[in-house]
>>> print(open('final-v9.cif').read())   # mmCIF, C-alpha atoms
data_structure
#
loop_
_atom_site.group_PDB
_atom_site.id
_atom_site.type_symbol
_atom_site.label_atom_id
_atom_site.label_comp_id
_atom_site.auth_asym_id
_atom_site.auth_seq_id
_atom_site.Cartn_x
_atom_site.Cartn_y
_atom_site.Cartn_z
ATOM 1 C CA MET C 1 -51.733 -90.301 105.394
ATOM 2 C CA ALA C 2 -54.666 -91.686 103.454
ATOM 3 C CA ARG C 3 -58.262 -90.721 104.098
ATOM 4 C CA PRO C 4 -59.759 -92.996 106.765
ATOM 5 C CA GLU C 5 -62.486 -95.332 105.530
ATOM 6 C CA HIS C 6 -66.077 -94.135 105.786
ATOM 7 C CA ALA C 7 -65.102 -90.498 106.201
ATOM 8 C CA ALA C 8 -67.898 -87.997 105.835
ATOM 9 C CA ALA C 9 -67.908 -84.572 104.240
ATOM 10 C CA LEU C 10 -70.312 -81.779 105.178
ATOM 11 C CA VAL C 11 -71.151 -79.339 102.406
ATOM 12 C CA THR C 12 -73.109 -76.276 103.496
ATOM 13 C CA GLY C 13 -75.623 -74.777 101.112
ATOM 14 C CA ALA C 14 -75.706 -77.899 98.965
ATOM 15 C CA SER C 15 -79.301 -77.852 97.735
ATOM 16 C CA LYS C 16 -78.360 -76.317 94.394
ATOM 17 C CA GLY C 17 -75.725 -74.598 92.316
ATOM 18 C CA ILE C 18 -72.079 -74.883 93.290
ATOM 19 C CA GLY C 19 -72.825 -76.599 96.610
ATOM 20 C CA ALA C 20 -74.855 -79.354 94.959
ATOM 21 C CA ALA C 21 -72.118 -79.925 92.394
ATOM 22 C CA ILE C 22 -69.511 -80.125 95.169
ATOM 23 C CA ALA C 23 -71.594 -82.644 97.128
ATOM 24 C CA LYS C 24 -71.889 -84.848 94.035
ATOM 25 C CA ALA C 25 -68.199 -84.580 93.175
ATOM 26 C CA LEU C 26 -67.088 -85.495 96.701
ATOM 27 C CA ALA C 27 -69.477 -88.447 96.751
ATOM 28 C CA ALA C 28 -68.061 -89.632 93.449
ATOM 29 C CA ASP C 29 -64.644 -89.527 95.107
ATOM 30 C CA GLY C 30 -65.784 -91.837 97.912
ATOM 31 C CA TRP C 31 -66.814 -89.359 100.608
ATOM 32 C CA LEU C 32 -70.074 -89.941 102.487
ATOM 33 C CA VAL C 33 -71.756 -86.593 102.026
ATOM 34 C CA ALA C 34 -73.938 -84.561 104.368
ATOM 35 C CA VAL C 35 -76.001 -82.276 102.154
ATOM 36 C CA ASN C 36 -76.891 -79.175 104.156
ATOM 37 C CA TYR C 37 -79.661 -76.779 103.213
ATOM 38 C CA ARG C 38 -81.469 -73.878 104.823
ATOM 39 C CA SER C 39 -84.733 -73.498 102.904
ATOM 40 C CA ASP C 40 -84.688 -75.603 99.734
ATOM 41 C CA GLU C 41 -85.403 -79.058 101.119
ATOM 42 C CA GLU C 42 -86.497 -80.326 97.716
ATOM 43 C CA GLY C 43 -83.194 -79.289 96.186
ATOM 44 C CA ALA C 44 -81.229 -80.962 98.966
ATOM 45 C CA GLN C 45 -83.249 -84.165 98.615
ATOM 46 C CA SER C 46 -82.621 -84.147 94.895
ATOM 47 C CA THR C 47 -78.861 -83.662 95.434
ATOM 48 C CA ALA C 48 -78.843 -86.579 97.886
ATOM 49 C CA ALA C 49 -80.930 -88.737 95.544
ATOM 50 C CA ALA C 50 -78.518 -88.099 92.677
ATOM 51 C CA ILE C 51 -75.635 -89.167 94.911
ATOM 52 C CA GLU C 52 -77.393 -92.357 95.976
ATOM 53 C CA GLU C 53 -78.362 -93.166 92.386
ATOM 54 C CA ALA C 54 -74.730 -92.880 91.387
ATOM 55 C CA GLY C 55 -73.835 -95.439 94.051
ATOM 56 C CA GLY C 56 -72.730 -93.010 96.760
ATOM 57 C CA ARG C 57 -74.063 -92.330 100.228
ATOM 58 C CA ALA C 58 -75.656 -89.072 101.323
ATOM 59 C CA ALA C 59 -77.728 -87.637 104.150
ATOM 60 C CA VAL C 60 -79.733 -84.447 104.099
ATOM 61 C CA VAL C 61 -79.005 -82.148 107.035
ATOM 62 C CA ALA C 62 -81.265 -79.154 107.587
ATOM 63 C CA GLY C 63 -79.948 -76.042 109.284
ATOM 64 C CA ASP C 64 -79.269 -72.353 108.842
ATOM 65 C CA VAL C 65 -75.515 -71.881 109.266
ATOM 66 C CA THR C 66 -76.110 -68.516 110.945
ATOM 67 C CA ALA C 67 -79.117 -69.243 113.139
ATOM 68 C CA GLY C 68 -78.493 -72.764 114.365
ATOM 69 C CA SER C 69 -75.530 -73.848 116.417
ATOM 70 C CA PRO C 70 -72.548 -75.368 114.633
ATOM 71 C CA GLU C 71 -72.713 -78.145 117.204
ATOM 72 C CA GLU C 72 -76.203 -79.156 116.066
ATOM 73 C CA LEU C 73 -75.255 -79.134 112.406
ATOM 74 C CA LEU C 74 -72.080 -81.161 112.839
ATOM 75 C CA ALA C 75 -73.749 -83.549 115.282
ATOM 76 C CA ALA C 76 -76.581 -84.186 112.818
ATOM 77 C CA ALA C 77 -74.058 -84.998 110.097
ATOM 78 C CA GLU C 78 -72.047 -87.213 112.444
ATOM 79 C CA ASP C 79 -75.161 -89.067 113.619
ATOM 80 C CA ALA C 80 -76.154 -89.793 110.043
ATOM 81 C CA LEU C 81 -72.793 -90.645 108.525
ATOM 82 C CA GLY C 82 -70.021 -90.864 111.133
ATOM 83 C CA PRO C 83 -67.004 -88.620 111.712
ATOM 84 C CA VAL C 84 -66.955 -85.558 109.471
ATOM 85 C CA LEU C 85 -63.408 -85.222 108.191
ATOM 86 C CA ALA C 86 -64.125 -82.739 105.416
ATOM 87 C CA LEU C 87 -65.969 -79.464 105.686
ATOM 88 C CA VAL C 88 -66.855 -77.336 102.696
ATOM 89 C CA ASN C 89 -68.024 -73.894 103.722
ATOM 90 C CA ASN C 90 -70.068 -73.061 100.680
ATOM 91 C CA ALA C 91 -73.261 -71.437 101.985
ATOM 92 C CA GLY C 92 -73.285 -67.860 100.843
ATOM 93 C CA VAL C 93 -75.555 -64.906 100.254
ATOM 94 C CA ARG C 94 -75.365 -61.616 98.393
ATOM 95 C CA ALA C 95 -76.970 -58.279 99.211
ATOM 96 C CA ASP C 96 -75.426 -55.967 96.642
ATOM 97 C CA ASN C 97 -75.433 -52.213 96.746
ATOM 98 C CA LEU C 98 -73.036 -49.338 96.533
ATOM 99 C CA ALA C 99 -71.278 -48.932 99.858
ATOM 100 C CA LEU C 100 -73.080 -45.639 100.405
ATOM 101 C CA GLN C 101 -76.347 -47.541 100.321
ATOM 102 C CA ILE C 102 -75.532 -50.759 102.139
ATOM 103 C CA GLU C 103 -77.743 -50.906 105.223
ATOM 104 C CA ASP C 104 -76.223 -52.258 108.424
ATOM 105 C CA GLU C 105 -78.461 -55.307 108.258
ATOM 106 C CA ASP C 106 -77.240 -56.151 104.764
ATOM 107 C CA TRP C 107 -73.635 -55.719 105.850
ATOM 108 C CA ASP C 108 -74.168 -57.948 108.885
ATOM 109 C CA ALA C 109 -76.144 -60.632 107.058
ATOM 110 C CA VAL C 110 -73.487 -61.075 104.382
ATOM 111 C CA LEU C 111 -70.630 -61.129 106.894
ATOM 112 C CA ASP C 112 -72.533 -63.519 109.188
ATOM 113 C CA THR C 113 -73.295 -66.121 106.543
ATOM 114 C CA ASN C 114 -70.227 -65.892 104.348
ATOM 115 C CA LEU C 115 -67.572 -65.431 107.021
ATOM 116 C CA SER C 116 -68.627 -65.821 110.665
ATOM 117 C CA ALA C 117 -70.652 -68.986 110.098
ATOM 118 C CA ALA C 118 -67.713 -70.511 108.230
ATOM 119 C CA PHE C 119 -65.453 -69.744 111.181
ATOM 120 C CA ARG C 120 -67.811 -71.249 113.744
ATOM 121 C CA LEU C 121 -68.324 -74.413 111.707
ATOM 122 C CA THR C 122 -64.593 -74.721 111.112
ATOM 123 C CA LYS C 123 -63.840 -74.369 114.821
ATOM 124 C CA ARG C 124 -66.244 -77.183 115.691
ATOM 125 C CA ALA C 125 -65.326 -79.347 112.699
ATOM 126 C CA MET C 126 -61.633 -79.361 113.567
ATOM 127 C CA ARG C 127 -62.224 -81.349 116.750
ATOM 128 C CA PRO C 128 -62.788 -84.752 115.125
ATOM 129 C CA MET C 129 -60.199 -83.874 112.485
ATOM 130 C CA LEU C 130 -57.568 -83.284 115.170
ATOM 131 C CA LYS C 131 -58.433 -86.612 116.759
ATOM 132 C CA ALA C 132 -58.187 -88.373 113.416
ATOM 133 C CA ARG C 133 -55.000 -86.519 112.461
ATOM 134 C CA TYR C 134 -56.729 -85.995 109.133
ATOM 135 C CA GLY C 135 -58.968 -83.306 107.783
ATOM 136 C CA ARG C 136 -59.919 -81.264 104.769
ATOM 137 C CA ILE C 137 -61.461 -77.826 104.999
ATOM 138 C CA VAL C 138 -62.335 -75.998 101.818
ATOM 139 C CA ASN C 139 -63.778 -72.505 101.949
ATOM 140 C CA ILE C 140 -65.624 -71.257 98.922
ATOM 141 C CA ALA C 141 -64.388 -67.711 98.446
ATOM 142 C CA SER C 142 -64.676 -65.626 95.280
ATOM 143 C CA VAL C 143 -62.684 -63.606 92.805
ATOM 144 C CA VAL C 144 -64.508 -60.730 94.475
ATOM 145 C CA GLY C 145 -62.473 -59.901 97.538
ATOM 146 C CA PRO C 146 -59.046 -60.444 96.052
ATOM 147 C CA ARG C 147 -60.432 -58.198 93.243
ATOM 148 C CA ALA C 148 -62.692 -55.186 93.480
ATOM 149 C CA ASN C 149 -66.271 -55.330 92.314
ATOM 150 C CA ALA C 150 -68.336 -52.184 92.716
ATOM 151 C CA GLY C 151 -71.573 -52.899 94.530
ATOM 152 C CA GLN C 152 -70.232 -55.738 96.644
ATOM 153 C CA ALA C 153 -68.298 -54.176 99.521
ATOM 154 C CA ASN C 154 -69.961 -56.521 102.027
ATOM 155 C CA TYR C 155 -69.467 -59.615 99.887
ATOM 156 C CA ALA C 156 -65.873 -58.657 99.049
ATOM 157 C CA ALA C 157 -65.042 -58.061 102.712
ATOM 158 C CA ALA C 158 -66.487 -61.428 103.692
ATOM 159 C CA LYS C 159 -64.741 -63.348 100.939
ATOM 160 C CA ALA C 160 -61.394 -61.618 101.471
ATOM 161 C CA GLY C 161 -61.818 -62.382 105.165
ATOM 162 C CA LEU C 162 -62.461 -66.013 104.338
ATOM 163 C CA ILE C 163 -59.174 -66.180 102.450
ATOM 164 C CA GLY C 164 -57.301 -64.599 105.375
ATOM 165 C CA MET C 165 -58.916 -67.042 107.764
ATOM 166 C CA THR C 166 -58.040 -69.943 105.469
ATOM 167 C CA LYS C 167 -54.362 -69.010 105.429
ATOM 168 C CA THR C 168 -54.058 -68.538 109.180
ATOM 169 C CA ILE C 169 -55.913 -71.681 110.253
ATOM 170 C CA SER C 170 -53.910 -73.671 107.701
ATOM 171 C CA HIS C 171 -50.754 -72.746 109.619
ATOM 172 C CA GLU C 172 -52.270 -73.649 112.958
ATOM 173 C CA VAL C 173 -53.265 -77.209 112.062
ATOM 174 C CA ALA C 174 -50.956 -78.208 109.198
ATOM 175 C CA ARG C 175 -48.888 -80.505 111.383
ATOM 176 C CA ARG C 176 -51.977 -82.521 112.273
ATOM 177 C CA GLY C 177 -52.696 -83.611 108.710
ATOM 178 C CA ILE C 178 -55.457 -81.065 108.280
ATOM 179 C CA THR C 179 -55.390 -78.907 105.174
ATOM 180 C CA VAL C 180 -57.328 -75.666 104.852
ATOM 181 C CA ASN C 181 -57.746 -74.143 101.419
ATOM 182 C CA ALA C 182 -60.001 -71.807 99.525
ATOM 183 C CA VAL C 183 -61.514 -72.038 96.084
ATOM 184 C CA ALA C 184 -62.308 -68.729 94.435
ATOM 185 C CA PRO C 185 -64.904 -69.061 91.699
ATOM 186 C CA GLY C 186 -65.309 -66.371 89.096
ATOM 187 C CA PHE C 187 -68.550 -65.917 87.180
ATOM 188 C CA ILE C 188 -70.355 -69.247 87.487
ATOM 189 C CA GLU C 189 -73.804 -70.021 86.043
ATOM 190 C CA THR C 190 -76.053 -70.435 89.078
ATOM 191 C CA ASP C 191 -79.278 -69.031 90.488
ATOM 192 C CA MET C 192 -77.192 -66.566 92.465
ATOM 193 C CA THR C 193 -75.670 -65.040 89.337
ATOM 194 C CA LYS C 194 -78.566 -65.269 86.879
ATOM 195 C CA ASP C 195 -79.552 -61.632 87.450
ATOM 196 C CA LEU C 196 -76.093 -60.368 86.525
ATOM 197 C CA ALA C 197 -75.599 -58.628 83.196
ATOM 198 C CA ALA C 198 -74.722 -60.866 80.274
ATOM 199 C CA ASP C 199 -71.920 -58.528 79.173
ATOM 200 C CA VAL C 200 -69.905 -59.549 82.226
ATOM 201 C CA VAL C 201 -68.697 -62.443 80.057
ATOM 202 C CA LYS C 202 -66.702 -59.967 77.929
ATOM 203 C CA ALA C 203 -64.438 -59.345 80.919
ATOM 204 C CA ILE C 204 -63.589 -63.036 81.246
ATOM 205 C CA PRO C 205 -60.555 -64.196 79.252
ATOM 206 C CA ALA C 206 -62.244 -67.553 78.621
ATOM 207 C CA ARG C 207 -65.273 -65.634 77.206
ATOM 208 C CA ARG C 208 -67.776 -67.817 78.971
ATOM 209 C CA ALA C 209 -69.270 -68.368 82.386
ATOM 210 C CA GLY C 210 -67.984 -71.284 84.422
ATOM 211 C CA LYS C 211 -70.022 -74.311 85.409
ATOM 212 C CA PRO C 212 -70.654 -75.422 88.990
ATOM 213 C CA GLU C 213 -68.997 -78.739 88.114
ATOM 214 C CA GLU C 214 -65.777 -76.908 87.261
ATOM 215 C CA VAL C 215 -65.679 -75.403 90.749
ATOM 216 C CA ALA C 216 -66.574 -78.769 92.257
ATOM 217 C CA ALA C 217 -63.632 -80.429 90.511
ATOM 218 C CA ALA C 218 -61.251 -78.053 92.277
ATOM 219 C CA VAL C 219 -62.855 -78.817 95.645
ATOM 220 C CA ARG C 220 -62.701 -82.519 94.936
ATOM 221 C CA PHE C 221 -58.973 -82.222 94.295
ATOM 222 C CA LEU C 222 -58.284 -80.180 97.430
ATOM 223 C CA ALA C 223 -60.236 -82.709 99.506
ATOM 224 C CA SER C 224 -58.332 -85.643 98.031
ATOM 225 C CA ASP C 225 -55.225 -87.377 99.298
ATOM 226 C CA ASP C 226 -53.420 -86.088 96.216
ATOM 227 C CA ALA C 227 -53.638 -82.600 97.729
ATOM 228 C CA ALA C 228 -52.182 -83.591 101.116
ATOM 229 C CA TYR C 229 -49.326 -81.097 100.711
ATOM 230 C CA VAL C 230 -51.515 -78.249 99.452
ATOM 231 C CA THR C 231 -52.635 -76.003 102.280
ATOM 232 C CA GLY C 232 -53.321 -72.324 102.865
ATOM 233 C CA THR C 233 -53.772 -71.647 99.202
ATOM 234 C CA THR C 234 -56.557 -70.194 97.106
ATOM 235 C CA LEU C 235 -57.352 -71.950 93.865
ATOM 236 C CA PHE C 236 -59.021 -69.600 91.380
ATOM 237 C CA VAL C 237 -61.588 -71.159 89.061
ATOM 238 C CA ASP C 238 -62.445 -68.116 87.045
ATOM 239 C CA GLY C 239 -61.579 -68.497 83.365
ATOM 240 C CA GLY C 240 -58.555 -66.289 83.898
ATOM 241 C CA MET C 241 -60.381 -63.277 85.401
ATOM 242 C CA SER C 242 -57.987 -62.776 88.275
ATOM 243 C CA ALA C 243 -54.756 -63.485 86.399
ATOM 244 C CA MET O 244 -71.459 -88.993 130.956
ATOM 245 C CA ALA O 245 -68.687 -86.799 132.292
ATOM 246 C CA THR O 246 -66.207 -88.376 134.689
ATOM 247 C CA ALA O 247 -66.111 -86.975 138.242
ATOM 248 C CA VAL O 248 -63.392 -84.365 138.579
ATOM 249 C CA THR O 249 -60.849 -85.470 141.170
ATOM 250 C CA PRO O 250 -57.164 -84.512 141.097
ATOM 251 C CA GLU O 251 -56.291 -88.182 140.559
ATOM 252 C CA ALA O 252 -58.726 -88.626 137.662
ATOM 253 C CA VAL O 253 -57.531 -85.457 135.944
ATOM 254 C CA GLU O 254 -53.899 -86.426 136.437
ATOM 255 C CA LYS O 255 -54.522 -89.792 134.814
ATOM 256 C CA VAL O 256 -56.254 -88.292 131.782
ATOM 257 C CA VAL O 257 -53.545 -85.653 131.340
ATOM 258 C CA PHE O 258 -50.678 -88.097 131.809
ATOM 259 C CA ASP O 259 -52.280 -90.553 129.392
ATOM 260 C CA ALA O 260 -52.907 -87.862 126.774
ATOM 261 C CA LEU O 261 -49.507 -86.197 126.728
ATOM 262 C CA PRO O 262 -47.523 -88.937 124.947
ATOM 263 C CA GLN O 263 -49.716 -88.532 121.835
ATOM 264 C CA PHE O 264 -48.324 -85.001 121.551
ATOM 265 C CA GLY O 265 -44.802 -86.356 121.554
ATOM 266 C CA ALA O 266 -44.026 -85.993 125.276
ATOM 267 C CA ASP O 267 -41.628 -88.616 126.618
ATOM 268 C CA PRO O 268 -43.673 -90.731 129.101
ATOM 269 C CA ASP O 269 -40.666 -90.958 131.435
ATOM 270 C CA GLU O 270 -40.496 -87.180 131.731
ATOM 271 C CA ILE O 271 -44.173 -86.574 132.523
ATOM 272 C CA THR O 272 -44.522 -85.388 136.119
ATOM 273 C CA ARG O 273 -46.629 -82.699 137.791
ATOM 274 C CA GLU O 274 -43.546 -80.501 137.963
ATOM 275 C CA ALA O 275 -42.573 -80.846 134.282
ATOM 276 C CA THR O 276 -43.233 -77.757 132.160
ATOM 277 C CA PHE O 277 -45.006 -78.092 128.859
ATOM 278 C CA GLU O 278 -42.045 -76.362 127.282
ATOM 279 C CA ASP O 279 -39.704 -79.093 128.559
ATOM 280 C CA LEU O 280 -42.081 -81.730 127.257
ATOM 281 C CA ASP O 281 -42.218 -80.048 123.848
ATOM 282 C CA VAL O 282 -45.967 -79.609 124.171
ATOM 283 C CA ASP O 283 -46.979 -76.502 122.238
ATOM 284 C CA SER O 284 -50.047 -74.275 122.083
ATOM 285 C CA LEU O 285 -51.902 -76.458 119.588
ATOM 286 C CA ASP O 286 -51.205 -79.494 121.767
ATOM 287 C CA LEU O 287 -52.606 -77.614 124.775
ATOM 288 C CA ALA O 288 -55.687 -76.597 122.803
ATOM 289 C CA GLU O 289 -56.202 -80.234 121.912
ATOM 290 C CA LEU O 290 -55.588 -81.318 125.518
ATOM 291 C CA SER O 291 -58.294 -78.841 126.542
ATOM 292 C CA GLN O 292 -60.704 -80.572 124.169
ATOM 293 C CA ILE O 293 -59.842 -83.969 125.633
ATOM 294 C CA ILE O 294 -60.462 -82.615 129.135
ATOM 295 C CA GLU O 295 -63.743 -81.079 128.042
ATOM 296 C CA ASP O 296 -64.884 -84.351 126.482
ATOM 297 C CA GLU O 297 -63.887 -86.327 129.561
ATOM 298 C CA PHE O 298 -64.924 -84.018 132.393
ATOM 299 C CA GLY O 299 -67.242 -81.458 130.813
ATOM 300 C CA VAL O 300 -64.913 -78.690 132.027
ATOM 301 C CA GLN O 301 -64.300 -75.946 129.491
ATOM 302 C CA LEU O 302 -60.942 -74.189 129.512
ATOM 303 C CA LYS O 303 -60.722 -70.883 127.696
ATOM 304 C CA GLY O 304 -57.753 -69.713 125.670
ATOM 305 C CA ASP O 305 -56.863 -67.196 128.408
ATOM 306 C CA ASP O 306 -56.728 -69.952 131.011
ATOM 307 C CA VAL O 307 -54.522 -72.148 128.920
ATOM 308 C CA GLY O 308 -52.129 -69.278 128.220
ATOM 309 C CA LYS O 309 -51.301 -68.973 131.940
ATOM 310 C CA ILE O 310 -50.349 -72.536 132.706
ATOM 311 C CA LYS O 311 -46.706 -73.571 132.686
ATOM 312 C CA THR O 312 -46.496 -77.002 134.262
ATOM 313 C CA VAL O 313 -48.493 -80.210 134.046
ATOM 314 C CA GLY O 314 -49.495 -79.642 137.680
ATOM 315 C CA ASP O 315 -50.812 -76.152 136.799
ATOM 316 C CA ALA O 316 -53.049 -77.722 134.173
ATOM 317 C CA ILE O 317 -54.392 -80.350 136.553
ATOM 318 C CA ASP O 318 -55.030 -77.761 139.303
ATOM 319 C CA LEU O 319 -56.775 -75.470 136.830
ATOM 320 C CA VAL O 320 -59.174 -78.186 135.709
ATOM 321 C CA VAL O 321 -59.952 -79.134 139.307
ATOM 322 C CA SER O 322 -60.536 -75.496 140.295
ATOM 323 C CA ARG O 323 -62.771 -74.836 137.279
ATOM 324 C CA ALA O 324 -64.923 -77.812 138.165
ATOM 325 C CA GLY O 325 -65.468 -76.620 141.745
#
>>> encode(input="final-v9.cif", output="structure tokens")
Amino acid sequence: MARPEHAAALVTGASKGIGAAIAKALAADGWLVAVNYRSDEEGAQSTAAAIEEAGGRAAVVAGDVTAGSPEELLAAAEDALGPVLALVNNAGVRADNLALQIEDEDWDAVLDTNLSAAFRLTKRAMRPMLKARYGRIVNIASVVGPRANAGQANYAAAKAGLIGMTKTISHEVARRGITVNAVAPGFIETDMTKDLAADVVKAIPARRAGKPEEVAAAVRFLASDDAAYVTGTTLFVDGGMSA
Amino acid sequence: MATAVTPEAVEKVVFDALPQFGADPDEITREATFEDLDVDSLDLAELSQIIEDEFGVQLKGDDVGKIKTVGDAIDLVVSRAG
């Protein structure tokens, strides 16, 4: 089945970095895009403006994926653009430390944003997708989770959990034309990674960091009609790190 | 606005919804089991959403797990609304 006309996509955490690149890529592929942000309104407005300038349609939707209700967030996107038939759970945070030194609040915050919020949004987002017999859910995971990375036990647990959730929900709704996949970026040049040591590049077979646009291209594919038969999988965009 | 919950109104919504899950309209009765109608757990979850949208009555997963027949589902919705 082909994507219904005027279908909207909600991208969480789309004010900058990977999320902004995903919002732009989906818009370029014909999706109406709800650009969600928590604190960087300027960034979100600039993402939306870039989409509109390129001839697409976007709406900025404010909301903390952990604090607000998923109902409010989805309803705001639906009010602005119509039925949301694609959800990209991209909003993520890090609070790195050795496991011995991870405080409960840093464990909870990372699990809440990166995993629990994605589940709650997915649960709500599937309703219109079930009605439409069409949907695309893409969860932005990480090479960390499938792979170890000292100092990120909370992040790894959340991202591995996201992949497990992706696989299971994909089975539950596959026969309704809804696909659920994950994209696992490796080391990507963004604000979130700029404090990481430069020598991390030596561990990447491609010997360079990835670009947000390279992650976005994978999401764009998984959200497209071409990927209708791809579900429950994790697409690694990591310059070979996890191979 | 939610529709008033009467057994007749719920029966109509349920009967009207079931064919979209592949149930044969001729076989839909209060006595028919969801198993006979080939209505599975995902279908029931979706039916619960339709009922919630129509009547504002929320059915939990535990509730839905207990029902066997179409009549059970209708009675459950009516009892939850009371």
>>> resolve_selection(input="final-v9.cif", expression="the PyMOL selection byres ((chain O) within 10 of (chain C))", output="short mmCIF file (atom, residue, chain, number, x, y, z; two decimals) with C-alpha atoms, in the coordinates of the input")
data_model
loop_
_atom_site.label_atom_id
_atom_site.label_comp_id
_atom_site.auth_asym_id
_atom_site.auth_seq_id
_atom_site.Cartn_x
_atom_site.Cartn_y
_atom_site.Cartn_z
CA SER O 284 -50.05 -74.28 122.08
CA LEU O 285 -51.90 -76.46 119.59
CA ASP O 286 -51.20 -79.49 121.77
CA GLU O 289 -56.20 -80.23 121.91
CA GLN O 292 -60.70 -80.57 124.17
CA ILE O 293 -59.84 -83.97 125.63
#
>>> atom_distance(input="final-v9.cif", atom1="atom CA of Ala34 of chain C", atom2="atom CA of Leu73 of chain C")
9.8 Å
>>> resolve_selection(input="final-v9.cif", expression="the PyMOL selection byres ((chain C and resi 85-88) around 9)", output="mmCIF file with C-alpha atoms, in the frame of the given file")
data_model
loop_
_atom_site.group_PDB
_atom_site.id
_atom_site.type_symbol
_atom_site.label_atom_id
_atom_site.label_comp_id
_atom_site.auth_asym_id
_atom_site.auth_seq_id
_atom_site.Cartn_x
_atom_site.Cartn_y
_atom_site.Cartn_z
ATOM 1 C CA ARG C 3 -58.262 -90.721 104.098
ATOM 2 C CA PRO C 4 -59.759 -92.996 106.765
ATOM 3 C CA ALA C 7 -65.102 -90.498 106.201
ATOM 4 C CA ALA C 8 -67.898 -87.997 105.835
ATOM 5 C CA ALA C 9 -67.908 -84.572 104.240
ATOM 6 C CA LEU C 10 -70.312 -81.779 105.178
ATOM 7 C CA VAL C 11 -71.151 -79.339 102.406
ATOM 8 C CA THR C 12 -73.109 -76.276 103.496
ATOM 9 C CA GLY C 19 -72.825 -76.599 96.610
ATOM 10 C CA ILE C 22 -69.511 -80.125 95.169
ATOM 11 C CA TRP C 31 -66.814 -89.359 100.608
ATOM 12 C CA PRO C 83 -67.004 -88.620 111.712
ATOM 13 C CA VAL C 84 -66.955 -85.558 109.471
ATOM 14 C CA ASN C 89 -68.024 -73.894 103.722
ATOM 15 C CA ASN C 90 -70.068 -73.061 100.680
ATOM 16 C CA ALA C 91 -73.261 -71.437 101.985
ATOM 17 C CA ALA C 118 -67.713 -70.511 108.230
ATOM 18 C CA LEU C 121 -68.324 -74.413 111.707
ATOM 19 C CA THR C 122 -64.593 -74.721 111.112
ATOM 20 C CA ALA C 125 -65.326 -79.347 112.699
ATOM 21 C CA MET C 126 -61.633 -79.361 113.567
ATOM 22 C CA PRO C 128 -62.788 -84.752 115.125
ATOM 23 C CA MET C 129 -60.199 -83.874 112.485
ATOM 24 C CA ALA C 132 -58.187 -88.373 113.416
ATOM 25 C CA TYR C 134 -56.729 -85.995 109.133
ATOM 26 C CA GLY C 135 -58.968 -83.306 107.783
ATOM 27 C CA ARG C 136 -59.919 -81.264 104.769
ATOM 28 C CA ILE C 137 -61.461 -77.826 104.999
ATOM 29 C CA VAL C 138 -62.335 -75.998 101.818
ATOM 30 C CA ASN C 139 -63.778 -72.505 101.949
ATOM 31 C CA ILE C 140 -65.624 -71.257 98.922
ATOM 32 C CA ILE C 178 -55.457 -81.065 108.280
ATOM 33 C CA VAL C 219 -62.855 -78.817 95.645
ATOM 34 C CA ALA C 223 -60.236 -82.709 99.506
#
>>> residues_around(input="final-v9.cif", residues="Lys16 of chain C", least_positions_apart="4", cutoff="9 Å", atoms="all atoms listed in the file", output="VMD selection string")
chain C and resid 20 to 21 37 40 43 to 44 46 to 47 190 to 191
>>> residues_around(input="final-v9.cif", residues="Ala288 of chain O", least_positions_apart="4", cutoff="10 Å", atoms="all atoms listed in the file", output="list in words")
Asp283, Ser284, Gln292, Ile293, Ile294, Leu302, Lys303, Gly304, Val307 and Gly308 of chain O
>>> residues_around(input="final-v9.cif", residues="Asp279 of chain O", least_positions_apart="4", cutoff="10 Å", atoms="only C-alpha atoms", output="ChimeraX atom specification")
/O:266-267,270-271,275,283,311-312
>>> write_last_selection(input="final-v9.cif", atoms="C-alpha atoms", output="PDB file, in the coordinates of the input")
ATOM      1  CA  ALA O 266     -44.026 -85.993 125.276  1.00  0.00           C
ATOM      2  CA  ASP O 267     -41.628 -88.616 126.618  1.00  0.00           C
ATOM      3  CA  GLU O 270     -40.496 -87.180 131.731  1.00  0.00           C
ATOM      4  CA  ILE O 271     -44.173 -86.574 132.523  1.00  0.00           C
ATOM      5  CA  ALA O 275     -42.573 -80.846 134.282  1.00  0.00           C
ATOM      6  CA  ASP O 283     -46.979 -76.502 122.238  1.00  0.00           C
ATOM      7  CA  LYS O 311     -46.706 -73.571 132.686  1.00  0.00           C
ATOM      8  CA  THR O 312     -46.496 -77.002 134.262  1.00  0.00           C
TER       9      THR O 312
END
>>> resolve_selection(input="final-v9.cif", expression="the PyMOL selection byres ((chain C and resi 216-218) around 9)", output="tab-separated table (two decimals) with C-alpha atoms, in the coordinates of the input")
chain	number	residue	atom	x	y	z
C	18	ILE	CA	-72.08	-74.88	93.29
C	19	GLY	CA	-72.82	-76.60	96.61
C	20	ALA	CA	-74.86	-79.35	94.96
C	21	ALA	CA	-72.12	-79.92	92.39
C	22	ILE	CA	-69.51	-80.12	95.17
C	23	ALA	CA	-71.59	-82.64	97.13
C	24	LYS	CA	-71.89	-84.85	94.04
C	25	ALA	CA	-68.20	-84.58	93.18
C	26	LEU	CA	-67.09	-85.50	96.70
C	183	VAL	CA	-61.51	-72.04	96.08
C	211	LYS	CA	-70.02	-74.31	85.41
C	212	PRO	CA	-70.65	-75.42	88.99
C	213	GLU	CA	-69.00	-78.74	88.11
C	214	GLU	CA	-65.78	-76.91	87.26
C	215	VAL	CA	-65.68	-75.40	90.75
C	219	VAL	CA	-62.86	-78.82	95.64
C	220	ARG	CA	-62.70	-82.52	94.94
C	221	PHE	CA	-58.97	-82.22	94.30
C	222	LEU	CA	-58.28	-80.18	97.43
C	223	ALA	CA	-60.24	-82.71	99.51
C	235	LEU	CA	-57.35	-71.95	93.86
C	236	PHE	CA	-59.02	-69.60	91.38
C	237	VAL	CA	-61.59	-71.16	89.06
>>> atom_distance(input="final-v9.cif", atom1="atom CA of Thr249 of chain O", atom2="atom CA of Asp305 of chain O")
22.6 Å
